[in-house]
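Report on the structure given below.
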Amino acid sequence: MKGNVRQAILDNQDDITEEWGSRIEQFRQDEALQNVSSAVYENTSRDFVQKLLITIQQNDVSGRDLNQFVERLIQMGWPLNFITRGLQEFRKSAVKVIADHSGEVKDQLELFQEIESWVDDVVDQLVNQYSGSWENTVFLQKMALKELSAPLIPVFDKISVMPLVGTIDTERAKLIMENLLDGVIEHRSQVVLIDITGVPVVDTMVAHHIIQASEAVRLVGATCILVGIRPEIAQTIVNLGIDLGKFPTKSTLKKGIETALGMTKREIVELEG
Amino acid sequence: MQVQTHVDINSEWGIVAARQAGRKLAREVGFGSVDQARITTAISELARNIYLYADQGQIKIEEVAEGGKRGMKIIASDQGPGIKDLRRVMEDGFTTSGGLGAGLPGVKRLMDDFAIESELNQGTVITAVKWLR
């Protein structure tokens with residue numbers, strides 16, 4: 001920003017702050033900001049305009065003060081349009097206040113262009129910061145989701161359990177298959193129990209993936225037992241006309257483990273005494 | 001009191017969103033847990049068909065009332081390639097994507113009313129209703 005425009009803004013900063021304050025106050029009706037108390041809102045708004053003025057004073061768009069302020073807004077969960085709207089209002093306020101004070105039309109045009117391009121730069125930078133922070137959050141959540149995706153747990157010698165919780169999409173289905181086969185070989189399992197108690201919906205795709213996985217398990221020499229089929233899921237499976245006749249199913253994990261022990265010629269007995 | 005929900009399907013997450021919206025409305029209308037599961041599964045099938053064959057489309061869910069009966073209507077629409085042979089897609093075991101081929105006939109069995117309209121290269125609209133008993 002050119003020196004004379006900067007000077008003009010700084011000379012009139014009190015008027016600009018006041019003008020900006022009344023404009024931004026109207027923006028409080030926004031849904032995401034309903035729960036914010038007016039004291040907090042006023043403080044934050046004042047902070048915001050102060051940081052903008054500091055940034056202008058230092059003539060450095062990527063100044064630390066403004067960045068830290070935005071970082072704080074992100075953490076508090078304020079909407080991005082508070083920032084974009086705030087900057088738009090700042091531009092209008094600055095142009096209006098300075099235009100009222102200076103006479104020459106030519107000067108005003110230059111002033112307008114200077115402020116315009118400065119605000120654009122700041123918006124660009126802050127929006128980037130905001131979206132970067134969201135992308136980061138989404139990425140972390142994806143990683144967290146992947147971590148609890150499909151573990152294979154060896155519960156007894158030759159018997160493993162894979163509990164499935166949540167929605168099964170294409171990516172998870174792939175993971176399930178890989179973990180199943182790797183696990184069966186690593187733990188030398190003979191019987192694998194797939195527990196679908198935590199799967200909310202079993203549609204044809206989910207059923208198809210489970211059938212494929214159990215077929216693959218059969219090929220490496222083990223047997224799959226499907227457990228945890230809730231009554232309503234059982235009815236929808238029948239309605240859909242999915243044929244699960246090829247592999248054994250049990251209502252609960254407990255019954256599944258009993259069957260699995262039987263298949264590996266063992267049983268749990270209570271000790272006398 | 002017409003409750004309407006509209007979900008755009010353009011990724012696998014859209015399927016999950018449509019399903020959850022459906023389950024919520026089904027519960028509000030008063031369906032039992034078995035019918036809730038049926039409706040959710042039907043929405044899941046329809047949404048997945050949109051995602052698989054048409055890339056994008058919409059699922060509309062609404063409460064309906066007719067002649068003293070109450071129920072829930074699902075409308076799945078897309079502007080995809082359309083279905084060439086309507087009779088064949090309603091046969092069990094017919095599939096073009098290597099799936100089980102149980103989707104559309106399954107939805108018909110899961111719901112009470114079922115209608116399908118499709119035009120080649122124009123798109124497909126499937127309407128399905130479940131009545132409250």
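We label chains A, B, ... in the order they appear in the structure tokens, count residues from 1 in each chain, and number ligands from 1 in the order shown.
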
Using only C-alpha atoms, tabulate the residues of segment 141-216 of chain A lying at most 9 Å from any atom of segment 220-239 of chain A, each with its closest atom pair and that distance in Å to one decimal, by chain and increasing residue number, as a Markdown table.
| residue | atom | partner | partner_atom | distance |
| --- | --- | --- | --- | --- |
| A:Leu181 | CA | A:Val220 | CA | 7.7 |
| A:Val184 | CA | A:Ala222 | CA | 7.5 |
| A:Ile185 | CA | A:Val220 | CA | 7.9 |
| A:Arg188 | CA | A:Ala222 | CA | 8.8 |
| A:Ser189 | CA | A:Ala222 | CA | 6.7 |
| A:Gln190 | CA | A:Ala222 | CA | 4.5 |
| A:Val191 | CA | A:Thr223 | CA | 4.8 |
| A:Val192 | CA | A:Cys224 | CA | 4.9 |
| A:Leu193 | CA | A:Ile225 | CA | 4.8 |
| A:Ile194 | CA | A:Leu226 | CA | 5.0 |
| A:Asp195 | CA | A:Val227 | CA | 4.8 |
| A:Ile196 | CA | A:Gly228 | CA | 5.2 |
| A:Thr197 | CA | A:Gly228 | CA | 4.5 |
| A:Gly198 | CA | A:Gly228 | CA | 8.2 |
| A:Pro200 | CA | A:Ile233 | CA | 8.6 |
| A:Val201 | CA | A:Ile233 | CA | 7.4 |
| A:Val202 | CA | A:Ile233 | CA | 6.7 |
| A:Asp203 | CA | A:Ile237 | CA | 7.5 |
| A:Thr204 | CA | A:Ile237 | CA | 8.3 |
| A:Ala207 | CA | A:Ile237 | CA | 8.5 |
| A:Ile210 | CA | A:Leu226 | CA | 8.8 |
| A:Ala213 | CA | A:Cys224 | CA | 8.7 |
| A:Ser214 | CA | A:Cys224 | CA | 5.5 |
| A:Glu215 | CA | A:Cys224 | CA | 8.4 |
| A:Ala216 | CA | A:Val220 | CA | 6.7 |

**Request:** Could you please tell me, as a PyMOL selection string, which residues of chain B have an atom within 9 Å of chain A when using only C-alpha atoms?
**Result:** chain B and resi 12-13+16+19+33-38+40-42+44-45+48+92+99-110

Expected file: the selected residues, C-alpha atoms, as a CSV table (one decimal), in the first residue's frame:
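Final output, selection_33.csv:
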chain,number,residue,atom,x,y,z
B,12,GLU,CA,-20.0,-42.0,-1.1
B,13,TRP,CA,-20.5,-39.6,1.8
B,16,VAL,CA,-24.4,-41.9,4.3
B,19,ARG,CA,-29.4,-42.7,4.8
B,33,SER,CA,-37.1,-50.4,14.0
B,34,VAL,CA,-37.6,-53.1,11.3
B,35,ASP,CA,-39.3,-50.7,9.0
B,36,GLN,CA,-36.7,-48.1,9.8
B,37,ALA,CA,-34.0,-50.5,8.7
B,38,ARG,CA,-36.0,-51.4,5.5
B,40,THR,CA,-32.7,-46.9,5.3
B,41,THR,CA,-31.6,-49.9,3.3
B,42,ALA,CA,-33.8,-48.9,0.4
B,44,SER,CA,-28.9,-46.8,0.6
B,45,GLU,CA,-29.5,-48.9,-2.5
B,48,ARG,CA,-25.6,-46.1,-4.3
B,92,ASP,CA,-33.1,-60.8,-9.4
B,99,GLY,CA,-22.6,-56.7,-7.8
B,100,LEU,CA,-25.3,-59.0,-6.5
B,101,GLY,CA,-28.0,-57.8,-8.8
B,102,ALA,CA,-30.4,-57.6,-5.9
B,103,GLY,CA,-30.7,-53.8,-5.5
B,104,LEU,CA,-33.8,-52.6,-7.4
B,105,PRO,CA,-35.9,-55.8,-7.0
B,106,GLY,CA,-34.8,-55.7,-3.4
B,107,VAL,CA,-36.0,-52.1,-3.0
B,108,LYS,CA,-39.3,-53.1,-4.5
B,109,ARG,CA,-39.7,-55.8,-1.9
B,110,LEU,CA,-38.5,-53.5,1.0

**Message:** According to DSSP computed on the backbone, where in segment 6-117 of chain B is there alpha helix (DSSP H)? Give the residues as JSON, numbers by chain.
**Reply:** {"B": [12, 13, 14, 15, 16, 17, 18, 19, 20, 21, 22, 23, 24, 25, 26, 27, 28, 29, 33, 34, 35, 36, 37, 38, 39, 40, 41, 42, 43, 44, 45, 46, 47, 48, 49, 86, 87, 88, 89, 103, 104, 105, 106, 107, 108, 109, 110]}

**Item:** Contacts of segment 11-27 of chain A within 6 Å, only C-alpha atoms, excl. fewer than 5 positions in-chain, as number ranges by chain
**Value:** A: 90, 93-94

**Message:** Quick one: residues within 9 Å of Ile59 of chain B, only C-alpha atoms, excluding same-chain residues fewer than 4 positions away - as a list in words?
**Reply:**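 That gives Thr5, His6, Val7, Asp8, Ile9, Ala18, Ile43, Leu46, Ala47, Ile74, Ile75, Ala76, Ser77 and Asp78 of chain B.
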
I need the chosen residues saved as a JSON list (two decimals), in the first residue's frame, with C-alpha atoms.
[["chain", "number", "residue", "atom", "x", "y", "z"],
["B", 5, "THR", "CA", -35.43, -33.44, 2.94],
["B", 6, "HIS", "CA", -33.19, -33.12, -0.04],
["B", 7, "VAL", "CA", -29.77, -34.73, -0.27],
["B", 8, "ASP", "CA", -27.36, -34.36, -3.17],
["B", 9, "ILE", "CA", -25.46, -37.50, -4.03],
["B", 18, "ALA", "CA", -29.18, -39.59, 2.64],
["B", 43, "ILE", "CA", -32.39, -45.36, 0.45],
["B", 46, "LEU", "CA", -31.05, -46.08, -4.47],
["B", 47, "ALA", "CA", -28.34, -43.63, -3.46],
["B", 74, "ILE", "CA", -38.40, -41.61, -1.39],
["B", 75, "ILE", "CA", -37.69, -40.02, -4.75],
["B", 76, "ALA", "CA", -34.33, -40.79, -6.33],
["B", 77, "SER", "CA", -33.58, -38.86, -9.48],
["B", 78, "ASP", "CA", -30.58, -38.45, -11.71]]

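Secondary structure from DSSP on the backbone puts strand (DSSP E) at the following positions of segment 15-76 of chain B: Gly57, Gln58, Ile59, Lys60, Ile61, Glu62, Glu63, Val64, Ala65, Glu66, Lys69, Arg70, Gly71, Met72, Lys73, Ile74, Ile75 and Ala76 of chain B.
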
Keeping only C-alpha atoms, write the selected residues as a PDB file, in the first residue's frame.
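Now in again21.pdb:
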ATOM      1  CA  GLY B  57     -28.223 -37.018  -8.518  1.00  0.00           C
ATOM      2  CA  GLN B  58     -30.620 -36.260  -5.692  1.00  0.00           C
ATOM      3  CA  ILE B  59     -32.533 -38.171  -3.073  1.00  0.00           C
ATOM      4  CA  LYS B  60     -35.708 -36.510  -1.853  1.00  0.00           C
ATOM      5  CA  ILE B  61     -37.437 -37.839   1.229  1.00  0.00           C
ATOM      6  CA  GLU B  62     -40.853 -36.666   2.340  1.00  0.00           C
ATOM      7  CA  GLU B  63     -43.741 -37.546   4.587  1.00  0.00           C
ATOM      8  CA  VAL B  64     -46.948 -38.381   2.718  1.00  0.00           C
ATOM      9  CA  ALA B  65     -50.576 -38.723   3.744  1.00  0.00           C
ATOM     10  CA  GLU B  66     -53.292 -40.246   1.576  1.00  0.00           C
ATOM     11  CA  LYS B  69     -52.815 -43.453   5.633  1.00  0.00           C
ATOM     12  CA  ARG B  70     -49.483 -41.948   6.498  1.00  0.00           C
ATOM     13  CA  GLY B  71     -46.169 -42.907   5.093  1.00  0.00           C
ATOM     14  CA  MET B  72     -42.843 -41.923   3.694  1.00  0.00           C
ATOM     15  CA  LYS B  73     -41.855 -41.350   0.108  1.00  0.00           C
ATOM     16  CA  ILE B  74     -38.396 -41.605  -1.389  1.00  0.00           C
ATOM     17  CA  ILE B  75     -37.689 -40.023  -4.748  1.00  0.00           C
ATOM     18  CA  ALA B  76     -34.332 -40.794  -6.330  1.00  0.00           C
TER      19      ALA B  76
END

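All residues of protein, DNA or RNA that reach within 7 Å of segment 143-154 of chain A, judged by only C-alpha atoms and not counting those fewer than 5 positions away in the chain, are Ile159, Ser160, Val161, Met162, Leu164, Arg172, Leu175, Ile176, Asn179, Leu180, Gly183 and His187 of chain A.
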
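Relative to atom CA of Gly256 of chain A, atom CA of Leu271 of chain A is found at 22.1 Å.
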
**Request:** Work out how far apart atom CA of Leu111 of chain A and atom CA of Asn4 of chain A are and give it in Å to one decimal.
**Result:**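 According to the coordinates, atom CA of Leu111 of chain A and atom CA of Asn4 of chain A are separated by 8.9 Å.
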